[in-house]
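Enquirer: One structure, pasted below without further comment.
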Amino acid sequence: MARELKYADKATQVMLKRAEEQQLPTIWDRYDAQQPQCGFGTLGLCCRHCSMGPCRIDPFGEGPKTGVCGATADTIAARHLIRMIAAGGAAHSDHGRDVAHTLLMIGENPDSDYTVKDMKKLRAFAETYGISSEGKDVREFAKEVAEEVLKEFGQQTGFIRMTEKAPPARVKIWKDFGILPRSVDREVVETMHRTNIGVDADYKNLIKQGLRTSLADGWGGSMIGTELEDAIFGTPNPIASEANLGIMKKDHVNLIVHGHEPTLSEIIAVVSQDKDLVEKAKARGAKGIQLGGICCTANEIMMRHGIPVAGSYMQQELAIQTGVVDMMVVDVQCIWPGLRETAQCFHTKLVTTSPKAKMPGFEHIEFHEDKAVEIAKGIIEAAIDNFPNRNGSQYIPDVKEGVVAGFSTESVFQFLGGTYRSTYRPLNDAIITGRIRGLAGVVGCSNPNVDFEEGHLTVVKELLANDVLVASTGCNSITCAKHGLMQPEAAFKYAGKGLQEVCRAVGLPPVLHMGACLDNSRILRVLTNVVAEGGLGDDISDLPAAGAAPEWMSEKAVTIGFYFIASGVYTVIGKPLPMMGAPKLYKYITDEIEQDVGGKWVFEENHVEAAHKMLRHIDKKRKALKLKPMMYEQPFKPEE
Ligand code: NFS
Ligand code: SF4
């Protein structure tokens with residue numbers, strides 16, 4: 001079916017048209033083939049948690065209002081929702097846990113290919129766990145920290161220690177409400193238990209456990225992952241790079257890394273320019289080796305090495321359709337098994353590397369961290385060997401954009417305060433004096449159920465025009481990068497006058513690339529630092545700030561949304577969560593929950609209106625803080 005993508009980047013538009021002409025399969029075709037999708041599932045009204053079912057609730061007619069066990073719509077939808085949180089949180093946190101394992105290996109294996117690149121960061125992290133580096137060599141220290149962290153993943157009592165990094169007022173809310181997470185494993189397991197047949201049927205009590213599980217991810221698994229990745233691979237600093245399919249080169253071996261965990265891609269990034277390998281590529285007739293990323297693996301290596309991004313989630317098969325990808329090597333998460341169908345039409349070799357993620361039609365070269373360089377070299381060699389096998393038509397759209405990435409909680413600090421004094425003061429002052437209206441995190445996936453990139457671009461541009469500084473992660477970052485929003489010059493094109501002045505003064509792009517989805521934890525820390533700097537209330541929920549994931553699709557996005565809400569953030573998504581058939585649950589998570597945790601869900605499929613809702617919320621918070629009126633006139637003026 002011909003499909004027009006009005007908002008998508010030019011490379012995607014061209015590639016999709018070619019795919020139609022050449023009858024190559026795409027995610028959009030598979031999506032269309034699923035229409036109409038199940039109404040019960042969309043509304044959150046089906047359950048197959050036991051074999052008396054599957055059950056479904058009739059939301060309109062005379063059909064059943066409960067499942068066989070008597071579970072109501074609210075119970076069924078709430079149980080399903082928190083299982084999504086458990087799954088998404090487990091994905092992030094397993095990633096975080098793997099990074100802790102890498103740290104342990106650094107401690108235990110003297111021949112490890114990994115080292116600690118940022119000792120300062122590791123020391124600061126270890127302090128939270130009451131571990132000092134004094135009198136210890138790096139390996140001894142790394143081992144001690146890793147063991148303590150890994151123990152925490154499975155602890156039965158106490159609480160996840162990174163939660164103490166939140167503003168004290170926030171920690172008090174979590175304690176009083178009873179959602180301070182004990183440990184990742186404890187919360188995920190308890191969520192699975194409670195949603196088993198005949199256990200928790202109270203939608204509010206279920207959501208409460210969901211909130212606690214999401215916090216175990218945001219302030220636990222994810223945050224630990226980010227911190228330890230920074231310690232091992234280096235904390236990102238602003239770095240220039242490029243994004244979109246046009247980064248690939250016809251006369252080079254093109255190796256695409258796709259997935260999420262940077263342990264393999266980091267090593268590939270380092271060894272891909274190895275002299276012997278480049279020579280080998282030349283011997284095969286290529287001019288060199290071009291590395292590119294897809295999804296969050298791309299974000300990780302762009303943030304730390306400036307390796308260009310080939311595309312976002314929705315472009316994974318379009319990359320292969322260029323005919324010049326000699327290998328796509330994947331680790332975990334957001335990888336389509338359907339890539340096989342596309343790769344079959346070309347010479348592209350698909351390689352899985354994680355024992356957790358094998359796929360039919362992919363070759364499996366298992367990655368082991370203790371032989372990281374050796375395996376990475378083998379993978380690159382296999383890509384080189386595949387270069388002469390290019391068959392089908394080759395076409396690389398000549399489309400790419402410049403981007404400045406690499407904003408970490410720390411580098412934002414330095415940017416604002418200069419080299420002499422790291423401080424968030426200028427940011428707080430810009431908000432207080434009305435140059436910046438507020439802060440927004442715009443994050444998350446893309447989804448064939450929306451016009452590709454319309455959601456991200458509309459929300460971000462509307463916020464910028466109204467002087468909101470945007471922090472971005474995940475596939476939103478890739479969209480913003482491809483559309484030129486992550487260059488300092490973008491401020492002059494898209495930002496309101498106040499935000500423009502701030503960006504010009506310090507040379508910041510108006511949209512800050514803060515990394516992968518795992519790095520949403522950086523946004524939590526930025527918000528915490530803004531609170532700590534003073535003048536904008538005591539808690540994250542006091543800040544003129546909001547979050548959005550306009551094109552979300554993954555269970556990870558559900559977890560992220562819930563931990564932002566549990567941290568006091570007003571959070572807007574496009575397509576509603578699958579629970580619209582559960583009226584009491586809907587009222588709770590989009591309204592009453594604000595009383596409990598300070599944040600709430602907002603569903604808004606009109607993206608301009610989504611941004612306006614965020615702006616209204618930001619204005620409400622500015623008013624409550626009695627901040628000065630905005631310095632310059634804004635296009636969006638909320639009706640009084
Ligand atoms: Ni996040 Fe990153 Fe992209 Fe969505 Fe997938 S890559 S972890 S889940 S699709 S933003
Ligand atoms: Fe049906 Fe209840 Fe079993 Fe779910 S748990 S399938 S609602 S009987």
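Numbering starts fresh at 1 for the residues of each chain in the structure tokens, the chains themselves are lettered A, B, ... in the order given, and ligands are numbered from 1 as they appear.
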Using the chain letters and numbers from this document, which residues of range 21-161 of chain A does DSSP assign to helix (DSSP H, G or I), as a VMD selection string?

Expert: chain A and resid 21 27 to 33 39 to 43 73 to 108 119 to 128 138 to 153 161

Enquirer: If we count only C-alpha atoms, what is near range 573-590 of chain A at a cut-off of 8 Å, once residues fewer than 5 positions away on the same chain are taken out, given as a list in words?

Expert: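 The contact residues come out as Gly41, Thr42, Leu43, Gly44, Leu45, Pro59, Ala73, Asp74, Ala77, Ala78, Leu81, Tyr203, Lys204, Gly455, Ala548, Ala549, Pro550, Glu551, Trp552, Val558, Lys600, Trp601, Val602, Phe603, Glu604, Glu605, Asn606, His607 and Ala610 of chain A.
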
Enquirer: Residues within 10 Å of ligand 1 (only C-alpha atoms and all ligand atoms), as a ChimeraX atom specification?

Expert: /A:88,91-92,258-261,294-300,312-314,332-335,443-447,473-478,515-520,549,551-558,560

Enquirer: Determine the nearest neighbour of Asn254 in chain A from the options A:Asp385, A:Pro337, A:Leu228, A:His368, counting only C-alpha atoms.

Expert: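 Using only C-alpha atoms, the shortest distance to Asn254 in chain A belongs to A:Asp385.
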
Enquirer: Do a neighbour search on Glu633 in chain A at 12 Å with only C-alpha atoms, toss out local chain neighbours closer than 3 positions, and write the hits as an NGL selection string.

Expert: :A and (434-437 or 465-467 or 496-499 or 629-630 or 636-637)

Enquirer: What lies within 10 Å of Arg525 in chain A using only C-alpha atoms, ignoring chain neighbours under 5 positions off, as a list in words?

Expert: Lys165, Ala166, Pro167, Trp219, Met223, Ser408, Thr409, Glu410, Asp519, Asn520, Val530 and Val531 of chain A

Enquirer: Could the residues in this selection be written to a file with C-alpha atoms, as a PDB file, in the first residue's frame?

Expert:
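Here's the written file part_2.pdb:
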```
ATOM      1  CA  LYS A 165      20.341  10.989  45.081  1.00  0.00           C
ATOM      2  CA  ALA A 166      16.813  12.350  44.630  1.00  0.00           C
ATOM      3  CA  PRO A 167      15.783  15.579  46.400  1.00  0.00           C
ATOM      4  CA  TRP A 219      16.633   5.267  40.070  1.00  0.00           C
ATOM      5  CA  MET A 223      20.745   4.839  36.702  1.00  0.00           C
ATOM      6  CA  SER A 408      25.731  14.360  30.400  1.00  0.00           C
ATOM      7  CA  THR A 409      24.557  15.649  33.762  1.00  0.00           C
ATOM      8  CA  GLU A 410      28.160  16.741  34.298  1.00  0.00           C
ATOM      9  CA  ASP A 519      20.133   7.591  30.124  1.00  0.00           C
ATOM     10  CA  ASN A 520      16.750   9.011  30.981  1.00  0.00           C
ATOM     11  CA  VAL A 530      18.142  22.147  39.322  1.00  0.00           C
ATOM     12  CA  VAL A 531      16.166  21.626  42.537  1.00  0.00           C
TER      13      VAL A 531
END
```
